[in-house]
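J.: One structure, as structure tokens, below. Some questions next.
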Amino acid sequence: VRSWRAVVDAVHRAGAPIFLQLWHVGRVSHPDFHDGELPVAPSPIAAQGLIRTPHGRKPFVAPRALEPASFRASSSSSARARRTRSKPASTGVEIHGANGYLLDQFVEDGTNQRTDGYGGSIANRMRLPLEVTDAVTQVWGPDRVGYRISPNGKANSMSDSNPAALFTALASALSERGLAYLHVRETISGPLAVPEEQRLTGRIRELFRGRLLVNGGYDLDSGTAAVGSGLADAVVYGTLFLANPDLPRRFRERAPLNEPDPATFYDGEEKGYVDYPTLAESLARGGGS
Ligand SMILES: Cc1cc2nc3c(=O)[nH]c(=O)nc-3n(C[C@H](O)[C@H](O)[C@H](O)COP(=O)(O)O)c2cc1C
């Protein structure tokens with residue numbers, strides 16, 4: 001807890017807000033994390049591939065379909081959030097509706113084949129994410145709540161038969177709620193790039209009336225262009241920030257960047273998270289970047 005506090009305090013001292021991401025991984029889990037019980041999801045459809053567990057990598061299993069009653073049980077988490085809000089450390093929360101985790105599993109029809117009020121039509125598939133959003137905004141106030149989506153994202157074996165219809169409907173529904181921001185991960189470069197003609201960020205920009213954050217494969221030039229063209233209000237940098245603790249300075253000075261090392265992503269402890277050098281440290285060591 002002390003290190004968590006230290007990070008939040010340091011961000012606040014630097015004059016920046018900090019948003020805590022709220023998420024549930026749904027089927028992207030394993031019985032090893034649940035005392036042998038199955039993970040839960042909208043429908044019993046397994047993700048492809050392997051998951052890291054405390055006992056090594058194992059194949060994903062077909063999850064247990066959530067009963068609607070468990071949705072109500074989980075609303076007690078809003079009471080926990082109420083207590084969280086009273087803590088001075090956090091400034092807001094971001095609901096994780098992206099990257100193939102639980103709420104994304106509900107909206108996309110590759111993972112949601114329910115026949116109750118939480119599956120089928122787009123309105124039904126958006127029901128749980130919007131209920132969660134309404135519960136969270138009741139606690140925090142909409143101006144301290146963001147929401148993250150990943151249209152056309154393939155992470156964690158995601159798919160949808162009509163991403164354009166789905167994500168424009170979701171953006172409109174979230175817009176009505178007056179959130180602090182919508183955070184759209186739709187990758188523009190690299191191996192995960194979404195082909196330009198399929199991208200939905202531009203349409204989402206027109207539909208969502210609050211602030212729009214974009215993410216996915218941006219660098220200084222493409223990020224500057226996204227803000228300059230009005231596509232986004234801000235750009236979120238993931239791996240570049242991970243590898244460059246002083247990224248704003250490096251951008252300002254157009255200095256060389258450290259290369260992110262994917263071998264250290266997700267796994268392990270500090271390595272790859274707190275040990276990339278700042279520009280000043282690299283220069284002191286006599287290196288380039
Ligand atoms: C090590 C690592 C951890 C991540 N953790 C999260 C996370 O907790 N929540 C989330 O929404 N995205 C997470 N992401 C995805 C990033 O937020 C971002 O979407 C992704 O890196 C693409 O942006 P980029 O091209 O700027 O790196 C993570 C990515 C990496 C590499």
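Ligands are numbered from 1 in the order shown, residues from 1 within each chain, and chains are lettered A, B, ... in the order they appear in the structure tokens.
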Which residues sit within 9 Å of ligand 1, counting only C-alpha atoms and all ligand atoms, listed as a PyMOL selection string?
T.: chain A and resi 21+23+94+96-99+148-150+184-190+215-219+235-242+260+262+264-267+272-273
J.: Considering only C-alpha atoms, return as a PyMOL selection string whatever protein or nucleic-acid residues lie within 9 Å of Leu20 in chain A, sequence-local ones (same chain, fewer than 2 positions apart) excluded.
T.: chain A and resi 18+22+90-95
J.: List every residue of range 79-251 of chain A that DSSP, applied to the backbone, labels as strand (DSSP E or B), and write the result as a count of residues only.
T.: 23
J.: What is the distance between CA of Leu179 in chain A and CA of Asp246 in chain A, in Å to one decimal?
T.: 29.2 Å
J.: Show me, as a Markdown table, the residues of range 70-180 of chain A having an atom within 9 Å of range 46-57 of chain A, each with the closest atom pair and its distance in Å, using only C-alpha atoms.
T.:
```
| residue | atom | partner | partner_atom | distance |
| --- | --- | --- | --- | --- |
| A:Thr111 | CA | A:Ala46 | CA | 8.6 |
| A:Asn156 | CA | A:Ala47 | CA | 6.1 |
| A:Ser157 | CA | A:Ala47 | CA | 5.5 |
| A:Met158 | CA | A:Ala47 | CA | 8.1 |
```
J.: Emit the selected residues as a PDB file, in the first residue's frame, including C-alpha atoms.
T.:
```
ATOM      1  CA  THR A 111     -17.930 -13.999 -26.754  1.00  0.00           C
ATOM      2  CA  ASN A 156      -7.718 -12.312 -26.105  1.00  0.00           C
ATOM      3  CA  SER A 157      -9.459 -13.890 -29.135  1.00  0.00           C
ATOM      4  CA  MET A 158     -12.074 -11.151 -29.473  1.00  0.00           C
TER       5      MET A 158
END
```
J.: Neighbours of Asp116 in chain A within 10 Å (only C-alpha atoms; same-chain residues fewer than 2 positions away dropped), as a list of chain:residue names?
T.: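 In the requested format, the answer is A:Glu67, A:Pro68, A:Gln113, A:Arg114, A:Tyr118, A:Gly119, A:Gly120, A:Asn124, A:Arg125.
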J.: Figure out the distance between CA of Ala171 in chain A and CA of Gly153 in chain A, please, to one decimal in Å.
T.: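 Interatomic distance here is 15.6 Å.
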J.: Please, what distance in Å, to one decimal, runs between CA of Arg64 in chain A and CA of Val40 in chain A?
T.: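 Here the two named atoms are 4.8 Å from each other.
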J.: Given the choices A:Pro151, A:Ala263, A:Val136, A:Leu257, which gets closest to Leu279 in chain A if the distance is worked out from only C-alpha atoms?
T.: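 Ranking A:Pro151, A:Ala263, A:Val136, A:Leu257 by distance to Leu279 in chain A, first place goes to A:Leu257.
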J.: Among range 101-182 of chain A, which residues does DSSP mark as helix (DSSP H, G or I) when it is run on the backbone? Keep the chain and numbering as in the structure and answer as a ChimeraX atom specification.
T.: /A:102-107,122-125,127-140,142-144,155-157,163-175
J.: For Arg203 in chain A, work out the shell of residues within 10 Å, counting only C-alpha atoms and skipping chain neighbours fewer than 5 positions away, then give it as a ChimeraX atom specification.
T.: /A:164,167-168,171,208,231
J.: Could you pull the residues within 10 Å of Lys154 in chain A, counting only C-alpha atoms, minus those fewer than 6 positions along the same chain, as a count of residues only?
T.: 5
J.: Within 10 Å of Gly202 in chain A, counting only C-alpha atoms, which residues qualify if same-chain residues fewer than 2 places away don't, as a PyMOL selection string?
T.: chain A and resi 199-200+204-207+230-232
J.: Go ahead and dump the residues you just picked, all heavy atoms, as an mmCIF file, in the first residue's frame.
T.:
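And here is the file that came out, result-v2.cif:
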```cif
data_model
loop_
_atom_site.group_PDB
_atom_site.id
_atom_site.type_symbol
_atom_site.label_atom_id
_atom_site.label_comp_id
_atom_site.auth_asym_id
_atom_site.auth_seq_id
_atom_site.Cartn_x
_atom_site.Cartn_y
_atom_site.Cartn_z
ATOM 1 N N ARG A 199 -11.175 1.530 -39.443
ATOM 2 C CA ARG A 199 -11.081 2.228 -38.148
ATOM 3 C C ARG A 199 -12.352 3.005 -37.827
ATOM 4 O O ARG A 199 -12.968 3.603 -38.712
ATOM 5 C CB ARG A 199 -9.881 3.186 -38.147
ATOM 6 C CG ARG A 199 -8.594 2.435 -38.000
ATOM 7 C CD ARG A 199 -7.410 3.370 -37.903
ATOM 8 N NE ARG A 199 -6.251 2.689 -38.478
ATOM 9 C CZ ARG A 199 -5.199 3.276 -38.988
ATOM 10 N NH1 ARG A 199 -5.108 4.600 -38.992
ATOM 11 N NH2 ARG A 199 -4.216 2.562 -39.494
ATOM 12 N N LEU A 200 -12.687 2.990 -36.552
ATOM 13 C CA LEU A 200 -13.938 3.604 -36.099
ATOM 14 C C LEU A 200 -13.714 4.854 -35.259
ATOM 15 O O LEU A 200 -14.666 5.535 -34.888
ATOM 16 C CB LEU A 200 -14.728 2.576 -35.271
ATOM 17 C CG LEU A 200 -15.160 1.345 -36.070
ATOM 18 C CD1 LEU A 200 -15.697 0.262 -35.140
ATOM 19 C CD2 LEU A 200 -16.221 1.735 -37.099
ATOM 20 N N ILE A 204 -16.471 7.576 -33.879
ATOM 21 C CA ILE A 204 -16.686 7.661 -32.431
ATOM 22 C C ILE A 204 -16.452 9.104 -31.970
ATOM 23 O O ILE A 204 -17.193 9.630 -31.133
ATOM 24 C CB ILE A 204 -15.756 6.659 -31.710
ATOM 25 C CG1 ILE A 204 -16.250 5.233 -31.986
ATOM 26 C CG2 ILE A 204 -15.676 6.949 -30.212
ATOM 27 C CD1 ILE A 204 -15.309 4.133 -31.562
ATOM 28 N N ARG A 205 -15.469 9.770 -32.536
ATOM 29 C CA ARG A 205 -15.194 11.168 -32.203
ATOM 30 C C ARG A 205 -16.439 12.037 -32.446
ATOM 31 O O ARG A 205 -16.759 12.933 -31.676
ATOM 32 C CB ARG A 205 -14.031 11.668 -33.047
ATOM 33 C CG ARG A 205 -13.756 13.159 -32.940
ATOM 34 C CD ARG A 205 -13.427 13.538 -31.528
ATOM 35 N NE ARG A 205 -12.575 14.712 -31.419
ATOM 36 C CZ ARG A 205 -12.225 15.251 -30.267
ATOM 37 N NH1 ARG A 205 -12.674 14.731 -29.145
ATOM 38 N NH2 ARG A 205 -11.438 16.290 -30.215
ATOM 39 N N GLU A 206 -17.125 11.763 -33.557
ATOM 40 C CA GLU A 206 -18.317 12.573 -33.872
ATOM 41 C C GLU A 206 -19.469 12.286 -32.912
ATOM 42 O O GLU A 206 -20.287 13.159 -32.630
ATOM 43 C CB GLU A 206 -18.786 12.291 -35.308
ATOM 44 C CG GLU A 206 -17.867 12.914 -36.345
ATOM 45 C CD GLU A 206 -18.103 12.336 -37.734
ATOM 46 O OE1 GLU A 206 -19.173 11.740 -37.971
ATOM 47 O OE2 GLU A 206 -17.180 12.472 -38.569
ATOM 48 N N LEU A 207 -19.542 11.057 -32.413
ATOM 49 C CA LEU A 207 -20.692 10.651 -31.592
ATOM 50 C C LEU A 207 -20.508 10.932 -30.115
ATOM 51 O O LEU A 207 -21.482 11.142 -29.386
ATOM 52 C CB LEU A 207 -20.946 9.145 -31.773
ATOM 53 C CG LEU A 207 -21.424 8.749 -33.166
ATOM 54 C CD1 LEU A 207 -21.279 7.243 -33.365
ATOM 55 C CD2 LEU A 207 -22.863 9.184 -33.372
ATOM 56 N N GLY A 230 -7.864 17.207 -34.756
ATOM 57 C CA GLY A 230 -9.137 17.182 -34.027
ATOM 58 C C GLY A 230 -9.669 15.778 -33.818
ATOM 59 O O GLY A 230 -10.754 15.592 -33.263
ATOM 60 N N LEU A 231 -8.919 14.752 -34.232
ATOM 61 C CA LEU A 231 -9.382 13.379 -34.012
ATOM 62 C C LEU A 231 -9.500 13.074 -32.525
ATOM 63 O O LEU A 231 -10.396 12.356 -32.099
ATOM 64 C CB LEU A 231 -8.408 12.378 -34.649
ATOM 65 C CG LEU A 231 -8.750 10.900 -34.439
ATOM 66 C CD1 LEU A 231 -9.977 10.511 -35.268
ATOM 67 C CD2 LEU A 231 -7.570 9.988 -34.789
ATOM 68 N N ALA A 232 -8.591 13.641 -31.728
ATOM 69 C CA ALA A 232 -8.551 13.325 -30.292
ATOM 70 C C ALA A 232 -8.199 14.566 -29.498
ATOM 71 O O ALA A 232 -7.601 15.510 -30.028
ATOM 72 C CB ALA A 232 -7.508 12.238 -30.037
#
```
